[in-house]
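File shown: structure-v2.pdb (PDB, C-alpha atoms (C1' of nucleotides)).
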ATOM      1  CA  MET A 275       0.000   0.000   0.000
ATOM      2  CA  ALA A 276       2.665   2.445   1.021
ATOM      3  CA  GLN A 277       4.693   1.684  -2.103
ATOM      4  CA  SER A 278       1.887   2.484  -4.555
ATOM      5  CA  THR A 279       1.130   5.812  -2.854
ATOM      6  CA  LEU A 280       4.854   6.645  -2.941
ATOM      7  CA  ASP A 281       4.873   6.085  -6.699
ATOM      8  CA  SER A 282       1.859   8.304  -7.346
ATOM      9  CA  GLY A 283       3.358  10.954  -5.054
ATOM     10  CA  ALA A 284       6.525  11.050  -7.143
ATOM     11  CA  VAL A 285       4.500  11.827 -10.258
ATOM     12  CA  GLU A 286       2.455  14.534  -8.539
ATOM     13  CA  ALA A 287       5.475  16.223  -6.958
ATOM     14  CA  ASP A 288       6.787  16.923 -10.429
ATOM     15  CA  HIS A 289       3.504  18.758 -11.147
ATOM     16  CA  GLY A 290       3.381  16.745 -14.324
ATOM     17  CA  ARG A 291       6.062  19.045 -15.714
ATOM     18  CA  GLY A 292       8.612  16.352 -16.389
ATOM     19  CA  ASP A 293      11.085  19.195 -16.895
ATOM     20  CA  GLY A 294      13.554  18.369 -14.133
ATOM     21  CA  GLY A 295      12.264  21.267 -12.032
ATOM     22  CA  MET A 296      12.444  21.028  -8.292
ATOM     23  CA  LYS A 297      10.575  22.601  -5.379
ATOM     24  CA  VAL A 298      12.306  22.574  -1.998
ATOM     25  CA  ILE A 299      10.677  23.865   1.189
ATOM     26  CA  THR A 300      12.415  24.492   4.504
ATOM     27  CA  TRP A 301      10.375  24.847   7.694
ATOM     28  CA  ASN A 302      11.149  24.953  11.404
ATOM     29  CA  VAL A 303       7.982  23.232  12.649
ATOM     30  CA  ASN A 304       8.649  23.441  16.416
ATOM     31  CA  SER A 305       7.510  19.834  17.104
ATOM     32  CA  ILE A 306       6.395  17.508  14.305
ATOM     33  CA  ARG A 307       3.779  15.991  16.592
ATOM     34  CA  MET A 308       2.088  19.335  17.258
ATOM     35  CA  ARG A 309       2.388  20.356  13.604
ATOM     36  CA  LEU A 310       1.453  17.139  11.783
ATOM     37  CA  GLY A 311      -1.863  18.524  10.503
ATOM     38  CA  ARG A 312      -0.172  21.597   9.061
ATOM     39  CA  VAL A 313       2.714  19.576   7.588
ATOM     40  CA  ARG A 314       0.218  17.276   5.880
ATOM     41  CA  ALA A 315      -1.668  20.284   4.449
ATOM     42  CA  LEU A 316       1.594  21.866   3.257
ATOM     43  CA  LEU A 317       2.636  18.672   1.455
ATOM     44  CA  LEU A 318      -0.750  18.419  -0.251
ATOM     45  CA  ARG A 319      -0.855  22.120  -1.154
ATOM     46  CA  HIS A 320       2.686  22.447  -2.544
ATOM     47  CA  ARG A 321       3.704  18.831  -3.380
ATOM     48  CA  PRO A 322       7.385  19.765  -2.829
ATOM     49  CA  ASP A 323      10.194  17.545  -4.079
ATOM     50  CA  VAL A 324      11.903  18.052  -0.721
ATOM     51  CA  LEU A 325      10.564  19.252   2.619
ATOM     52  CA  ALA A 326      13.402  20.022   5.050
ATOM     53  CA  LEU A 327      12.208  20.210   8.653
ATOM     54  CA  GLN A 328      13.895  21.534  11.780
ATOM     55  CA  GLU A 329      13.023  21.167  15.462
ATOM     56  CA  VAL A 330      10.993  18.005  14.946
ATOM     57  CA  LYS A 331      11.661  17.300  18.658
ATOM     58  CA  VAL A 332      11.239  13.523  18.490
ATOM     59  CA  PRO A 333      13.549  10.533  18.399
ATOM     60  CA  ALA A 334      13.507   8.913  14.947
ATOM     61  CA  ALA A 335      11.389   6.000  16.240
ATOM     62  CA  LEU A 336       8.558   8.390  17.168
ATOM     63  CA  PHE A 337       8.584  10.344  13.902
ATOM     64  CA  PRO A 338       5.132   9.958  12.249
ATOM     65  CA  ALA A 339       6.589   8.133   9.235
ATOM     66  CA  ALA A 340       3.407   6.193   8.400
ATOM     67  CA  GLU A 341       1.315   9.380   8.143
ATOM     68  CA  ILE A 342       3.986  10.894   5.881
ATOM     69  CA  GLU A 343       4.158   7.754   3.718
ATOM     70  CA  ASP A 344       0.389   7.846   3.234
ATOM     71  CA  LEU A 345       0.928  11.160   1.425
ATOM     72  CA  GLY A 346       3.533   9.621  -0.884
ATOM     73  CA  TYR A 347       6.624  10.844   0.975
ATOM     74  CA  ARG A 348       9.600   9.041   2.475
ATOM     75  CA  ALA A 349      11.339  10.503   5.530
ATOM     76  CA  ALA A 350      14.996  10.470   6.550
ATOM     77  CA  VAL A 351      15.149  11.525  10.188
ATOM     78  CA  PHE A 352      17.940  12.603  12.513
ATOM     79  CA  GLY A 353      15.923  12.701  15.692
ATOM     80  CA  GLN A 354      16.420  13.655  19.316
ATOM     81  CA  ALA A 355      14.008  13.357  22.234
ATOM     82  CA  GLY A 356      12.409  16.651  23.186
ATOM     83  CA  ARG A 357      14.805  19.047  21.460
ATOM     84  CA  ASN A 358      16.310  19.836  18.051
ATOM     85  CA  GLY A 359      15.928  17.101  15.427
ATOM     86  CA  VAL A 360      15.912  17.481  11.628
ATOM     87  CA  ALA A 361      14.306  15.522   8.814
ATOM     88  CA  LEU A 362      14.161  15.390   5.019
ATOM     89  CA  LEU A 363      10.934  14.332   3.293
ATOM     90  CA  SER A 364      10.718  13.476  -0.395
ATOM     91  CA  PRO A 365       8.688  11.432  -2.849
ATOM     92  CA  HIS A 366      12.006  10.696  -4.617
ATOM     93  CA  PRO A 367      14.799   8.449  -3.342
ATOM     94  CA  LEU A 368      16.887  10.101  -0.587
ATOM     95  CA  GLU A 369      20.402   9.031  -1.537
ATOM     96  CA  THR A 370      23.556   8.971   0.600
ATOM     97  CA  VAL A 371      21.854  10.178   3.772
ATOM     98  CA  GLU A 372      24.266  11.711   6.279
ATOM     99  CA  ARG A 373      23.329  12.482   9.891
ATOM    100  CA  GLY A 374      25.426  14.999  11.792
ATOM    101  CA  PHE A 375      28.953  15.962  10.751
ATOM    102  CA  PRO A 376      32.459  15.147  11.991
ATOM    103  CA  GLY A 377      33.830  17.964  14.148
ATOM    104  CA  ASP A 378      30.439  19.056  15.571
ATOM    105  CA  PRO A 379      31.234  20.645  18.973
ATOM    106  CA  VAL A 380      27.847  19.375  20.277
ATOM    107  CA  PRO A 381      27.590  15.967  18.554
ATOM    108  CA  GLU A 382      24.868  14.791  20.955
ATOM    109  CA  GLN A 383      22.497  17.340  19.404
ATOM    110  CA  ALA A 384      20.674  16.419  16.162
ATOM    111  CA  ARG A 385      21.191  19.481  13.958
ATOM    112  CA  VAL A 386      22.223  18.430  10.446
ATOM    113  CA  ILE A 387      20.897  15.912   7.930
ATOM    114  CA  ALA A 388      21.916  15.723   4.272
ATOM    115  CA  ALA A 389      20.788  13.697   1.273
ATOM    116  CA  THR A 390      21.063  13.779  -2.500
ATOM    117  CA  VAL A 391      17.710  14.205  -4.245
ATOM    118  CA  GLU A 392      17.416  14.337  -8.044
ATOM    119  CA  GLY A 393      21.129  15.115  -8.282
ATOM    120  CA  VAL A 394      21.124  17.983  -5.776
ATOM    121  CA  ARG A 395      22.908  17.633  -2.437
ATOM    122  CA  VAL A 396      20.397  19.025   0.077
ATOM    123  CA  VAL A 397      21.835  19.932   3.481
ATOM    124  CA  ASP A 398      19.310  20.710   6.223
ATOM    125  CA  VAL A 399      20.602  22.575   9.300
ATOM    126  CA  TYR A 400      19.243  23.738  12.620
ATOM    127  CA  VAL A 401      21.915  26.115  13.894
ATOM    128  CA  VAL A 402      22.522  26.522  17.646
ATOM    129  CA  ASN A 403      20.234  29.329  18.915
ATOM    130  CA  GLY A 404      22.842  31.002  21.118
ATOM    131  CA  GLN A 405      20.426  32.276  23.773
ATOM    132  CA  ALA A 406      22.087  35.693  24.379
ATOM    133  CA  VAL A 407      25.380  37.400  23.591
ATOM    134  CA  GLY A 408      27.849  36.736  26.397
ATOM    135  CA  THR A 409      26.414  33.372  27.452
ATOM    136  CA  PRO A 410      28.245  30.042  27.059
ATOM    137  CA  GLU A 411      25.518  29.050  24.566
ATOM    138  CA  TYR A 412      26.443  31.990  22.348
ATOM    139  CA  GLU A 413      30.108  30.917  22.328
ATOM    140  CA  ILE A 414      29.013  27.389  21.347
ATOM    141  CA  LYS A 415      26.958  28.900  18.511
ATOM    142  CA  LEU A 416      30.053  30.672  17.115
ATOM    143  CA  ARG A 417      32.172  27.518  17.432
ATOM    144  CA  TRP A 418      29.407  25.450  15.842
ATOM    145  CA  LEU A 419      29.199  27.761  12.814
ATOM    146  CA  GLU A 420      32.994  27.619  12.439
ATOM    147  CA  ALA A 421      33.049  23.807  12.652
ATOM    148  CA  PHE A 422      30.176  23.478  10.187
ATOM    149  CA  ALA A 423      31.915  25.777   7.673
ATOM    150  CA  GLU A 424      35.122  23.784   8.077
ATOM    151  CA  TRP A 425      33.263  20.529   7.381
ATOM    152  CA  LEU A 426      31.524  22.039   4.329
ATOM    153  CA  ARG A 427      34.835  23.260   2.902
ATOM    154  CA  ALA A 428      36.447  19.866   3.491
ATOM    155  CA  GLU A 429      33.638  17.715   2.089
ATOM    156  CA  HIS A 430      32.160  19.794  -0.736
ATOM    157  CA  ARG A 431      33.105  22.054  -3.613
ATOM    158  CA  PRO A 432      31.361  25.276  -4.709
ATOM    159  CA  GLU A 433      31.068  23.786  -8.223
ATOM    160  CA  GLU A 434      28.736  21.010  -6.970
ATOM    161  CA  PRO A 435      24.944  21.449  -7.046
ATOM    162  CA  LEU A 436      24.400  21.951  -3.322
ATOM    163  CA  LEU A 437      21.465  23.542  -1.529
ATOM    164  CA  LEU A 438      21.929  24.451   2.134
ATOM    165  CA  VAL A 439      18.633  25.205   3.850
ATOM    166  CA  GLY A 440      17.346  25.550   7.373
ATOM    167  CA  ASP A 441      16.980  27.672  10.453
ATOM    168  CA  PHE A 442      20.305  29.505  10.747
ATOM    169  CA  ASN A 443      19.329  31.499  13.842
ATOM    170  CA  VAL A 444      21.271  34.400  12.294
ATOM    171  CA  THR A 445      19.981  37.400  10.318
ATOM    172  CA  PRO A 446      22.403  37.947   7.406
ATOM    173  CA  ASP A 447      22.149  41.759   7.701
ATOM    174  CA  ASP A 448      19.910  44.643   8.823
ATOM    175  CA  ARG A 449      17.496  44.168   5.916
ATOM    176  CA  ASP A 450      16.464  40.946   7.669
ATOM    177  CA  VAL A 451      15.368  42.734  10.855
ATOM    178  CA  HIS A 452      12.075  44.602  11.397
ATOM    179  CA  ASP A 453      13.785  47.141  13.687
ATOM    180  CA  PRO A 454      17.588  47.029  13.280
ATOM    181  CA  GLU A 455      18.248  49.594  16.035
ATOM    182  CA  ARG A 456      16.221  47.660  18.577
ATOM    183  CA  TRP A 457      18.090  44.454  17.688
ATOM    184  CA  ARG A 458      21.572  45.970  17.259
ATOM    185  CA  GLY A 459      24.252  43.684  18.700
ATOM    186  CA  ARG A 460      21.800  41.195  20.196
ATOM    187  CA  ASN A 461      21.679  37.459  19.644
ATOM    188  CA  LEU A 462      20.395  36.592  16.135
ATOM    189  CA  CYS A 463      21.708  39.960  14.849
ATOM    190  CA  SER A 464      25.180  40.406  16.371
ATOM    191  CA  GLY A 465      28.375  41.037  14.402
ATOM    192  CA  PRO A 466      30.323  37.867  15.275
ATOM    193  CA  GLU A 467      27.547  35.463  14.235
ATOM    194  CA  ARG A 468      26.942  37.429  11.020
ATOM    195  CA  GLU A 469      30.686  37.162  10.283
ATOM    196  CA  ARG A 470      30.475  33.355  10.673
ATOM    197  CA  LEU A 471      27.516  33.246   8.267
ATOM    198  CA  ARG A 472      29.377  35.532   5.863
ATOM    199  CA  ALA A 473      32.341  33.128   5.885
ATOM    200  CA  LEU A 474      29.986  30.342   4.861
ATOM    201  CA  LEU A 475      28.670  32.437   1.956
ATOM    202  CA  ASP A 476      32.192  33.478   0.930
ATOM    203  CA  TRP A 477      33.075  29.804   0.405
ATOM    204  CA  GLY A 478      30.667  29.771  -2.536
ATOM    205  CA  LEU A 479      27.043  30.044  -1.501
ATOM    206  CA  ILE A 480      24.433  32.519  -2.697
ATOM    207  CA  ASP A 481      21.489  33.727  -0.597
ATOM    208  CA  LEU A 482      18.798  32.681  -3.081
ATOM    209  CA  LEU A 483      16.041  34.941  -1.751
ATOM    210  CA  ARG A 484      18.242  38.011  -2.254
ATOM    211  CA  LEU A 485      18.741  37.192  -5.954
ATOM    212  CA  ARG A 486      15.428  38.911  -6.683
ATOM    213  CA  GLN A 487      14.269  40.581  -3.459
ATOM    214  CA  ALA A 488      16.317  43.521  -2.229
ATOM    215  CA  GLY A 489      14.437  43.851   1.049
ATOM    216  CA  PRO A 490      13.966  44.912   3.715
ATOM    217  CA  GLY A 491      12.213  41.657   4.568
ATOM    218  CA  PRO A 492      10.557  39.324   4.018
ATOM    219  CA  PHE A 493      10.740  37.750   7.469
ATOM    220  CA  THR A 494      10.392  34.085   8.410
ATOM    221  CA  TRP A 495      10.202  34.114  12.220
ATOM    222  CA  TRP A 496       8.082  36.013  14.708
ATOM    223  CA  ASP A 497       8.273  35.516  18.481
ATOM    224  CA  TYR A 498       5.217  33.852  20.007
ATOM    225  CA  ARG A 499       5.142  36.566  22.677
ATOM    226  CA  GLU A 500       3.881  40.136  22.602
ATOM    227  CA  GLY A 501       1.746  39.557  19.509
ATOM    228  CA  ALA A 502       4.927  39.884  17.443
ATOM    229  CA  PHE A 503       3.439  38.443  14.245
ATOM    230  CA  HIS A 504       0.460  40.773  14.309
ATOM    231  CA  ARG A 505       2.757  43.750  14.929
ATOM    232  CA  GLY A 506       5.144  42.802  12.147
ATOM    233  CA  TRP A 507       8.082  42.230  14.507
ATOM    234  CA  GLY A 508       9.858  39.614  12.422
ATOM    235  CA  LEU A 509      13.331  38.408  11.489
ATOM    236  CA  ARG A 510      14.631  36.393   8.532
ATOM    237  CA  LEU A 511      16.327  33.405  10.163
ATOM    238  CA  ASP A 512      15.366  30.685   7.670
ATOM    239  CA  LEU A 513      17.573  30.691   4.605
ATOM    240  CA  ALA A 514      18.142  28.869   1.338
ATOM    241  CA  LEU A 515      21.768  29.106   0.218
ATOM    242  CA  GLY A 516      22.838  27.589  -3.087
ATOM    243  CA  THR A 517      26.097  27.013  -4.891
ATOM    244  CA  ARG A 518      26.349  28.657  -8.314
ATOM    245  CA  PRO A 519      24.925  25.632 -10.230
ATOM    246  CA  VAL A 520      21.837  25.764  -7.990
ATOM    247  CA  ALA A 521      21.544  29.577  -8.056
ATOM    248  CA  GLU A 522      21.526  29.482 -11.857
ATOM    249  CA  ARG A 523      18.455  27.227 -11.707
ATOM    250  CA  CYS A 524      16.609  29.325  -9.091
ATOM    251  CA  LEU A 525      13.320  30.769 -10.354
ATOM    252  CA  GLU A 526      11.853  32.152  -7.135
ATOM    253  CA  VAL A 527      11.959  32.081  -3.341
ATOM    254  CA  THR A 528       8.842  32.873  -1.332
ATOM    255  CA  VAL A 529       7.743  32.829   2.297
ATOM    256  CA  ASP A 530       4.405  31.197   3.132
ATOM    257  CA  ARG A 531       3.324  33.739   5.781
ATOM    258  CA  ASP A 532      -0.149  32.224   6.001
ATOM    259  CA  GLU A 533       1.354  29.276   7.887
ATOM    260  CA  ARG A 534       2.294  31.645  10.727
ATOM    261  CA  ARG A 535      -1.275  32.894  11.066
ATOM    262  CA  PRO A 536      -3.014  31.559  14.187
ATOM    263  CA  THR A 537      -6.344  31.366  12.376
ATOM    264  CA  SER A 538      -5.321  29.414   9.273
ATOM    265  CA  GLY A 539      -4.726  25.683   9.138
ATOM    266  CA  GLU A 540      -5.112  22.888  11.646
ATOM    267  CA  GLY A 541      -3.979  23.595  15.206
ATOM    268  CA  LYS A 542      -1.538  26.244  16.342
ATOM    269  CA  PRO A 543       1.164  27.681  14.083
ATOM    270  CA  SER A 544       4.921  27.231  14.410
ATOM    271  CA  ASP A 545       6.814  30.443  15.219
ATOM    272  CA  HIS A 546       8.527  30.036  11.809
ATOM    273  CA  ALA A 547       6.997  30.265   8.314
ATOM    274  CA  PRO A 548       8.038  27.892   5.493
ATOM    275  CA  VAL A 549      10.456  29.163   2.826
ATOM    276  CA  ILE A 550       9.734  27.826  -0.663
ATOM    277  CA  VAL A 551      12.467  27.501  -3.298
ATOM    278  CA  VAL A 552      11.658  26.730  -6.927
ATOM    279  CA  LEU A 553      14.424  25.525  -9.246
ATOM    280  CA  ARG A 554      13.999  25.047 -12.992
TER     281      ARG A 554
ATOM    282  C1'  DA B  45      11.846  43.080  27.615
ATOM    283  C1'  DT B  46       9.019  39.178  27.220
ATOM    284  C1'  DG B  47       1.930  39.396  26.918
ATOM    285  C1'  DT B  48       3.861  32.131  24.182
ATOM    286  C1'  DC B  49       4.595  27.537  23.198
ATOM    287  C1'  DA B  50       6.366  22.744  23.674
ATOM    288  C1'  DC B  51       9.126  19.963  26.035
ATOM    289  C1'  DT B  52      10.557  17.291  30.391
ATOM    290  C1'  DT B  53      10.152  15.416  35.049
ATOM    291  C1'  DT B  54       8.071  11.720  38.423
ATOM    292  C1'  DA B  55       2.975  14.685  36.741
ATOM    293  C1'  DC B  56      -2.029  17.127  38.741
ATOM    294  C1'  DA B  57       3.075  22.273  38.715
ATOM    295  C1'  DA B  58       7.652  24.165  37.679
ATOM    296  C1'  DG B  59      11.834  24.531  35.094
ATOM    297  C1'  DT B  60      14.122  24.825  30.452
ATOM    298  C1'  DG B  61      14.852  26.365  25.840
ATOM    299  C1'  DA B  62      13.523  28.920  22.148
TER     300       DA B  62
END

Using structure tokens, write down the structure from this file.
Amino acid sequence: MAQSTLDSGAVEADHGRGDGGMKVITWNVNSIRMRLGRVRALLLRHRPDVLALQEVKVPAALFPAAEIEDLGYRAAVFGQAGRNGVALLSPHPLETVERGFPGDPVPEQARVIAATVEGVRVVDVYVVNGQAVGTPEYEIKLRWLEAFAEWLRAEHRPEEPLLLVGDFNVTPDDRDVHDPERWRGRNLCSGPERERLRALLDWGLIDLLRLRQAGPGPFTWWDYREGAFHRGWGLRLDLALGTRPVAERCLEVTVDRDERRPTSGEGKPSDHAPVIVVLR
DNA sequence: ATGTCACTTTACAAGTGA
């Protein structure tokens, strides 16, 4: 049963185009169990070729794989009980799945999963949050970004088709902040973390959303507190970064803000909105 | 700075992390 639905899903995900195009969505769901209804609706609405999830907050054994398979998707999960956890969903084969990376300063935390889908290496990251500048957690965040960049440089080449997506917990620059003065120097917007992200880009990655949208905005995350979404107090923390071969195929990048709305969809929203990347 | 949310523990509340 599962196999036949997987086959039909693969056909639908291509939108009948048969043109080698590819739709990749990244979404920090803040618990897959709480968000299953919305994830299901997103898969049916967009039929992405890849859905990269962060903060699934379950060990792999408790990931709702059967519900996902019923929609024609396979899941590769790097899970963790209660915190973190990343997963890649696709109707296509997920080849050469890699969980974590050598040199991770916090290897007990599930933050990176990678797989090759339709010839594109998709790397899904959930970067250390960092809590606040000056805390030990912030120092770990900087070290983590350095170690991840070192691994990327060692294992990959900028000439490869590689798409790095996820929740980076860093705003690339002030255009990604609703009120740059209010956020100046604080965690998610501070200089040192932006320098680490910049180093990653300098290796050979392009911020795909900025190819066609100069900003300021759009944002992808709004705090649950203080009615931040309603007041427009957002940040862009969720990014899609591509090597040149991927950037050349990029048609558009959009943010599905409706998913952050409390009144739309099944159950409560995540504090992050999905980012949708379309490649030709 | 914090008006929320989801998780955990030994659970019928409080602490943690985001």

Inset, instruction - Name the residues that the PyMOL selection byres ((chain A) within 12 of (chain B)) pulls out of this structure, and write them as a PyMOL selection string. - result: chain A and resi 302-309+329-332+354-358+402-406+411+443+456-457+462+495-503+542-546

Axis-aligned box for all listed atoms of chain B, 8 Å per side, centre and edges in Å to one decimal, as lines of an AutoDock Vina configuration file:
center_x = 6.4
center_y = 27.4
center_z = 30.4
size_x = 32.9
size_y = 47.4
size_z = 32.6

Legend entry - Between CA of Leu363 in chain A and CA of Arg535 in chain A - distance in Å to one decimal: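 CA of Leu363 in chain A lies 23.5 Å from CA of Arg535 in chain A.
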
Inset, instruction - Using the chain letters and residue numbers of this document, give as a ChimeraX atom specification the residues selected by the PyMOL selection byres ((chain A and resi 389-399) around 10). - result: /A:294-296,298,300-302,323-329,350,359-362,364-374,384-388,400-402,422,426,430,434-442,512-516,519-520

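The space between CA of Pro454 in chain A and CA of Pro548 in chain A spans 22.8 Å.
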
Legend entry - Coordinates-based distance that separates CA of Trp507 in chain A from CA of Asp453 in chain A (Å, one decimal): 7.6 Å

Inset, instruction - Write out as a ChimeraX atom specification which residues come within 9 Å of Glu540 in chain A when counting all atoms listed in the file, dropping same-chain ones fewer than 3 positions away. - result: /A:309-312,315,537,543

Inset, instruction - Given the file shown, enumerate the residues that the PyMOL selection byres ((chain A and resi 380) around 10) captures and present them as a PyMOL selection string. - result: chain A and resi 374+377-379+381-385+402+414-415+417-418

Inset, instruction - Point out the residue among A:Tyr347, A:Thr494, A:Asp447, A:Val552 with the least atom-to-atom distance to Asp532 in chain A, counting all atoms listed in the file. - result: A:Thr494
